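Q: Provided herewith: work.csv, CSV, C-alpha atoms.
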```csv
chain,number,residue,atom,x,y,z
A,29,VAL,CA,-14.5,12.4,38.2
A,30,SER,CA,-11.1,10.7,38.3
A,31,VAL,CA,-10.4,11.7,34.7
A,32,ARG,CA,-11.5,15.3,35.4
A,33,ASP,CA,-9.2,15.5,38.5
A,34,TRP,CA,-6.3,14.0,36.5
A,35,VAL,CA,-6.8,16.5,33.7
A,36,ALA,CA,-7.1,19.5,36.1
A,37,GLN,CA,-3.9,18.4,37.8
A,38,HIS,CA,-1.9,18.0,34.6
A,39,GLN,CA,-3.3,21.0,32.8
A,40,SER,CA,-1.2,23.3,35.0
A,41,LYS,CA,1.9,21.7,33.3
A,42,SER,CA,0.4,21.7,29.9
A,43,SER,CA,3.1,24.0,28.4
A,44,GLU,CA,5.9,21.7,29.5
A,45,TYR,CA,4.0,18.6,28.2
A,46,LEU,CA,3.3,20.2,24.9
A,47,GLY,CA,6.9,21.2,24.5
A,48,ASN,CA,8.0,17.6,25.1
A,49,LEU,CA,5.3,16.4,22.7
A,50,ALA,CA,6.5,18.9,20.0
A,51,VAL,CA,10.1,17.5,20.3
A,52,VAL,CA,8.9,13.9,20.0
A,53,LEU,CA,6.6,14.7,17.0
A,54,THR,CA,9.5,16.5,15.3
A,55,ARG,CA,11.9,13.6,15.6
A,56,ALA,CA,9.3,11.1,14.6
A,57,SER,CA,8.3,13.2,11.5
A,58,VAL,CA,12.0,13.4,10.5
A,59,VAL,CA,12.4,9.7,10.7
A,60,ILE,CA,9.3,9.0,8.7
A,61,LEU,CA,10.0,11.6,6.0
A,62,LEU,CA,13.6,10.3,5.7
A,63,GLY,CA,12.3,6.8,5.3
A,64,GLY,CA,9.9,8.0,2.6
A,65,VAL,CA,12.6,9.9,0.7
A,66,LEU,CA,15.0,7.0,0.9
A,67,GLY,CA,12.3,4.7,-0.4
A,68,TYR,CA,11.6,7.0,-3.3
A,69,LEU,CA,15.3,7.2,-4.2
A,70,LEU,CA,15.6,3.5,-4.2
A,71,LEU,CA,12.7,3.3,-6.6
A,72,LEU,CA,14.5,5.7,-8.9
A,73,THR,CA,17.7,3.7,-8.9
A,74,ARG,CA,15.9,0.3,-9.4
A,75,PRO,CA,16.3,0.2,-13.2
A,76,GLN,CA,20.1,0.8,-13.0
A,77,PHE,CA,20.4,-1.8,-10.2
A,78,GLY,CA,18.4,-4.3,-12.3
A,79,ARG,CA,20.6,-3.9,-15.3
A,80,PHE,CA,23.7,-4.4,-13.2
A,81,THR,CA,22.2,-7.5,-11.6
A,82,MET,CA,21.4,-8.9,-15.1
A,83,LEU,CA,25.2,-9.2,-15.7
A,84,PHE,CA,25.4,-12.0,-13.2
A,85,VAL,CA,22.5,-14.0,-14.7
A,86,PRO,CA,23.0,-16.5,-17.5
A,87,PRO,CA,21.6,-15.2,-20.8
A,88,GLN,CA,19.0,-18.0,-21.1
A,89,ARG,CA,17.5,-17.0,-17.8
A,90,ARG,CA,17.6,-13.3,-18.1
A,91,GLN,CA,14.1,-12.8,-19.4
A,92,GLY,CA,12.5,-14.7,-16.6
A,93,VAL,CA,14.5,-12.9,-14.0
A,94,GLN,CA,13.7,-9.6,-15.7
A,95,ASP,CA,10.0,-10.4,-15.5
A,96,VAL,CA,10.3,-11.0,-11.8
A,97,PHE,CA,12.2,-7.7,-11.2
A,98,ASP,CA,9.6,-5.8,-13.2
A,99,GLU,CA,6.7,-7.3,-11.2
A,100,MET,CA,8.6,-6.6,-7.9
A,101,GLY,CA,9.1,-3.0,-9.0
A,102,ARG,CA,5.5,-2.7,-9.9
A,103,ILE,CA,4.3,-4.0,-6.5
A,104,VAL,CA,6.7,-1.8,-4.4
A,105,GLY,CA,6.3,1.3,-6.5
A,106,GLY,CA,2.5,1.0,-6.6
A,107,TYR,CA,2.3,0.4,-2.9
A,108,VAL,CA,4.5,3.4,-2.1
A,109,ARG,CA,2.6,5.7,-4.4
A,110,ALA,CA,-0.7,4.4,-3.0
A,111,ARG,CA,0.3,5.0,0.6
A,112,PHE,CA,1.4,8.6,-0.1
A,113,ILE,CA,-1.8,9.4,-1.9
A,114,VAL,CA,-4.0,7.8,0.8
A,115,SER,CA,-2.0,9.5,3.6
A,116,ALA,CA,-2.2,12.9,2.0
A,117,VAL,CA,-6.0,12.6,1.7
A,118,VAL,CA,-6.3,11.4,5.3
A,119,GLY,CA,-4.1,14.3,6.5
A,120,VAL,CA,-6.3,16.9,4.6
A,121,ILE,CA,-9.5,15.4,6.1
A,122,ALA,CA,-8.1,15.4,9.6
A,123,THR,CA,-6.7,18.9,9.3
A,124,VAL,CA,-10.0,20.4,8.0
A,125,GLY,CA,-11.9,18.5,10.7
A,126,LEU,CA,-9.7,19.6,13.6
A,127,PHE,CA,-9.9,23.2,12.3
A,128,LEU,CA,-13.7,23.1,12.3
A,129,VAL,CA,-13.8,21.8,15.9
A,130,HIS,CA,-11.4,24.5,17.0
A,131,MET,CA,-8.6,22.2,18.0
A,132,PRO,CA,-5.4,23.8,19.2
A,133,ALA,CA,-2.5,23.3,16.9
A,134,TRP,CA,-4.9,21.8,14.3
A,135,LEU,CA,-2.4,22.2,11.4
A,136,VAL,CA,0.4,20.4,13.1
A,137,LEU,CA,-1.8,17.6,14.4
A,138,GLY,CA,-3.6,17.2,11.1
A,139,PHE,CA,-0.2,16.9,9.3
A,140,TRP,CA,0.9,14.3,11.9
A,141,VAL,CA,-2.3,12.2,11.4
A,142,GLY,CA,-1.6,12.0,7.7
A,143,LEU,CA,2.1,11.3,8.1
A,144,ALA,CA,1.5,8.6,10.7
A,145,ASN,CA,-1.0,7.0,8.2
A,146,LEU,CA,2.1,5.9,6.2
A,147,ILE,CA,2.6,3.2,8.8
A,148,PRO,CA,0.2,0.4,8.0
A,149,THR,CA,-2.4,-0.7,10.6
A,150,PHE,CA,-0.8,1.0,13.6
A,151,GLY,CA,-0.6,4.4,11.9
A,152,ALA,CA,-4.1,5.2,13.0
A,153,TYR,CA,-3.3,4.8,16.7
A,154,ILE,CA,0.1,6.6,16.4
A,155,GLY,CA,-1.6,9.5,14.7
A,156,ALA,CA,-4.5,9.7,17.2
A,157,ALA,CA,-2.3,9.7,20.4
A,158,PRO,CA,-1.0,13.3,20.1
A,159,VAL,CA,-4.5,14.5,19.3
A,160,VAL,CA,-5.9,12.9,22.4
A,161,LEU,CA,-3.1,14.2,24.6
A,162,VAL,CA,-3.4,17.8,23.3
A,163,SER,CA,-7.1,17.7,23.7
A,164,LEU,CA,-6.9,16.5,27.4
A,165,LEU,CA,-4.3,19.2,28.2
A,166,THR,CA,-6.0,22.1,26.6
A,167,LYS,CA,-9.8,21.3,26.6
A,168,PRO,CA,-12.4,19.9,28.9
A,169,PRO,CA,-12.3,16.1,29.2
A,170,GLN,CA,-15.4,15.5,27.1
A,171,TYR,CA,-13.9,17.4,24.2
A,172,VAL,CA,-11.6,14.4,23.5
A,173,LEU,CA,-14.6,12.5,22.1
A,174,LEU,CA,-15.1,15.2,19.4
A,175,ALA,CA,-11.4,15.1,18.5
A,176,LEU,CA,-11.4,11.3,18.3
A,177,LEU,CA,-14.5,11.5,16.1
A,178,VAL,CA,-12.6,13.6,13.5
A,179,VAL,CA,-9.7,11.2,13.5
A,180,THR,CA,-12.0,8.2,13.2
A,181,ILE,CA,-13.9,9.7,10.2
A,182,SER,CA,-10.6,10.3,8.4
A,183,HIS,CA,-9.5,6.7,8.9
A,184,VAL,CA,-13.0,5.3,8.0
A,185,VAL,CA,-12.8,7.1,4.7
A,186,ASP,CA,-9.3,5.6,4.3
A,187,GLY,CA,-10.2,2.0,5.2
A,188,PHE,CA,-13.6,1.7,3.4
A,189,PHE,CA,-13.1,4.0,0.3
A,190,LEU,CA,-9.6,5.1,-0.4
A,191,SER,CA,-7.4,2.1,0.3
A,192,PRO,CA,-9.6,-0.5,-1.5
A,193,ILE,CA,-9.7,1.7,-4.6
A,194,VAL,CA,-6.1,3.0,-4.7
A,195,MET,CA,-4.3,-0.1,-3.5
A,196,LYS,CA,-6.5,-2.7,-5.3
A,197,GLU,CA,-4.0,-3.4,-8.1
A,198,THR,CA,-0.8,-3.3,-6.1
A,199,THR,CA,-0.4,-6.2,-3.6
A,200,ASN,CA,-3.8,-8.1,-3.8
A,201,LEU,CA,-3.4,-9.3,-0.2
A,202,HIS,CA,-6.3,-10.4,2.0
A,203,PRO,CA,-7.0,-8.1,4.9
A,204,VAL,CA,-6.3,-10.9,7.4
A,205,VAL,CA,-2.9,-11.5,5.7
A,206,VAL,CA,-2.1,-7.8,5.9
A,207,LEU,CA,-2.8,-7.8,9.7
A,208,LEU,CA,-0.7,-10.9,10.3
A,209,VAL,CA,2.3,-9.8,8.3
A,210,VAL,CA,2.3,-6.4,9.9
A,211,ILE,CA,2.4,-8.0,13.4
A,212,VAL,CA,5.2,-10.3,12.3
A,213,GLY,CA,7.1,-7.4,10.8
A,214,ALA,CA,6.8,-5.4,14.0
A,215,GLU,CA,8.1,-8.4,16.1
A,216,ILE,CA,11.1,-8.9,13.7
A,217,ALA,CA,12.2,-5.4,12.8
A,218,GLY,CA,10.1,-2.9,14.8
A,219,LEU,CA,8.8,0.2,13.0
A,220,TYR,CA,10.8,-0.6,9.8
A,221,GLY,CA,9.3,-4.1,9.8
A,222,VAL,CA,5.8,-2.7,10.0
A,223,VAL,CA,6.5,-0.4,7.0
A,224,ALA,CA,8.1,-3.1,4.9
A,225,ALA,CA,5.8,-6.0,5.8
A,226,ILE,CA,3.1,-5.4,3.1
A,227,PRO,CA,5.4,-5.0,0.1
A,228,VAL,CA,7.5,-8.0,1.2
A,229,ALA,CA,4.3,-10.1,1.6
A,230,GLY,CA,3.1,-9.0,-1.9
A,231,ILE,CA,6.4,-9.9,-3.5
A,232,SER,CA,6.4,-13.3,-1.7
A,233,GLN,CA,2.9,-14.0,-2.8
A,234,TYR,CA,3.9,-13.3,-6.4
A,235,LEU,CA,6.9,-15.5,-6.2
A,236,VAL,CA,4.9,-18.4,-4.8
A,237,ARG,CA,2.3,-17.9,-7.5
A,238,ARG,CA,4.9,-17.9,-10.2
A,239,TRP,CA,7.3,-20.7,-9.1
A,240,VAL,CA,5.8,-22.8,-6.3
A,241,LYS,CA,2.2,-23.2,-7.5
A,242,PRO,CA,3.0,-24.5,-11.0
A,243,ARG,CA,5.4,-27.1,-9.6
A,244,LEU,CA,2.8,-28.4,-7.1
A,245,TYR,CA,-0.4,-28.2,-9.3
A,246,GLY,CA,1.0,-27.9,-12.8
A,247,ALA,CA,0.3,-25.1,-15.3
A,248,GLU,CA,-3.2,-23.8,-15.4
A,249,PRO,CA,-5.1,-24.8,-18.6
A,250,MET,CA,-5.6,-22.0,-21.1
A,251,ALA,CA,-9.2,-20.9,-21.5
A,252,PRO,CA,-10.7,-21.3,-25.0
A,253,ILE,CA,-10.8,-18.2,-27.1
A,254,PRO,CA,-14.4,-17.1,-27.5
A,255,ILE,CA,-15.6,-16.8,-31.1
A,256,ALA,CA,-18.0,-14.0,-31.8
A,257,PRO,CA,-21.2,-15.2,-33.7
A,258,GLY,CA,-21.5,-14.1,-37.3
A,259,PRO,CA,-20.4,-15.1,-40.8
A,260,LEU,CA,-16.9,-16.3,-41.2
A,261,PRO,CA,-14.5,-13.9,-42.9
A,262,GLU,CA,-14.1,-14.4,-46.6
A,263,ASP,CA,-10.9,-15.7,-48.1
A,264,PRO,CA,-9.1,-12.8,-49.8
A,265,ALA,CA,-8.2,-15.2,-52.6
A,266,GLY,CA,-11.8,-15.9,-53.3
A,267,PRO,CA,-13.8,-19.1,-53.0
A,268,VAL,CA,-12.0,-22.2,-54.1
A,269,GLN,CA,-13.2,-23.3,-57.6
A,270,ALA,CA,-13.7,-27.0,-58.3
A,271,GLU,CA,-11.3,-28.3,-60.9
A,272,SER,CA,-13.0,-29.0,-64.2
A,273,GLY,CA,-12.4,-32.4,-65.8
A,274,PRO,CA,-13.9,-35.8,-66.4
A,275,PRO,CA,-15.5,-37.4,-63.4
A,276,ASP,CA,-13.5,-39.9,-61.4
A,277,ASP,CA,-13.5,-43.4,-62.7
A,278,PRO,CA,-14.5,-45.7,-59.9
A,279,ASP,CA,-12.5,-48.6,-61.5
A,280,SER,CA,-9.3,-46.5,-61.4
A,281,LYS,CA,-9.6,-46.1,-57.7
```
Would you mind writing the structure in this file as structure tokens?

A:
Amino acid sequence: VSVRDWVAQHQSKSSEYLGNLAVVLTRASVVILLGGVLGYLLLLTRPQFGRFTMLFVPPQRRQGVQDVFDEMGRIVGGYVRARFIVSAVVGVIATVGLFLVHMPAWLVLGFWVGLANLIPTFGAYIGAAPVVLVSLLTKPPQYVLLALLVVTISHVVDGFFLSPIVMKETTNLHPVVVLLVVIVGAEIAGLYGVVAAIPVAGISQYLVRRWVKPRLYGAEPMAPIPIAPGPLPEDPAGPVQAESGPPDDPDSK
């Protein structure tokens, strides 16, 4: 009853609230899109920056440093591409679902759900907040459960199917580590820390595995090369023939 009374009281000002919400979503979308474009431009300029950085590295160390730069570029580039792919699919699923349940402004809200999914962990809540608000201001209170169901399904598809498949070969981080680094990134640098937390953690894990682990535990032993069963390959020169001659004299030995 309290929720129904609150909704009835604020639905009379729904046009004002929706106008303010549109302004907030527009500004947030511009910030996220600019961040994505800047990140993509940085990925494009990474090879030129790497070659310039190599000038300050001694020649005998350049190959090792180049290997580190290549792996860092692979982690960051793979993560960014994976997030864009996953977020695009989430946005399409949310848009279609909101359209099917006759949600007002379904196209804008579906686009926002996909765009907010670029933010790790907290993107699901950021994307769902406008959907809940618009639902409360334009529909009966119980309709919000249907809108939340659509958003939940889109993120369930992301969490259980898309992300494990698309991002499996990028950072290789444990889900608990992902949650912890995102919280730490949010405390240190806010929204930008949340976005950059997972790539930084993936790079740190690689550096620890490359430099720290061998110094503490030594190099891992190489596994023996398996030999397939079967006859040994013949020598192209042919079998070795025994030299003809008199038998060895045991007294001469």

Q: Can you pull out the residues contacting Val31 of chain A? Cut-off 10 Å, using all atoms listed in the file, and skip same-chain residues under 3 positions away; I want them as a short mmCIF file (atom, residue, chain, number, x, y, z; two decimals) with C-alpha atoms, in the frame of the given file.

A:
```
data_model
loop_
_atom_site.label_atom_id
_atom_site.label_comp_id
_atom_site.auth_asym_id
_atom_site.auth_seq_id
_atom_site.Cartn_x
_atom_site.Cartn_y
_atom_site.Cartn_z
CA TRP A 34 -6.30 14.00 36.50
CA VAL A 35 -6.80 16.50 33.70
CA ALA A 36 -7.10 19.50 36.10
CA GLN A 37 -3.90 18.40 37.80
CA LEU A 164 -6.90 16.50 27.40
CA PRO A 169 -12.30 16.10 29.20
CA GLN A 170 -15.40 15.50 27.10
#
```

Q: Of the candidates A:Ile231, A:Val205, A:Val162, A:Val179, which shows the shortest atom-to-atom distance to His38 of chain A, using only C-alpha atoms?

A: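 When distances to His38 of chain A are compared using only C-alpha atoms, the smallest one comes from A:Val162.
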
Q: Closest to Arg102 of chain A among A:Trp140, A:Phe189, A:Phe150, A:Tyr234, using only C-alpha atoms?

A: A:Tyr234

Q: When distances are computed from only C-alpha atoms, which of A:Val85, A:Ile113, A:Val108, A:Val129 shows the smallest separation from Leu177 of chain A?

A: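 Once distances to Leu177 of chain A are computed over only C-alpha atoms, the minimum belongs to A:Val129.
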
Q: What's the 12 Å shell around Ile226 of chain A, counting all atoms listed in the file, without same-chain residues fewer than 6 positions away, as a ChimeraX atom specification?

A: /A:103-104,106-108,111,146-149,195,198-214,220,232-233

Q: From the options A:Pro227, A:Pro132, A:Pro242, A:Gly119, which residue's atoms come nearest to Asp186 of chain A, counting all atoms listed in the file?

A: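 Looking at the shortest contact to Asp186 of chain A, the residue is A:Gly119.
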
Q: Nearest residue to Gly155 of chain A out of A:Val185, A:Leu173, A:Val136, A:Ala224, using all atoms listed in the file?

A: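 Nearest candidate to Gly155 of chain A out of A:Val185, A:Leu173, A:Val136, A:Ala224: A:Val136.
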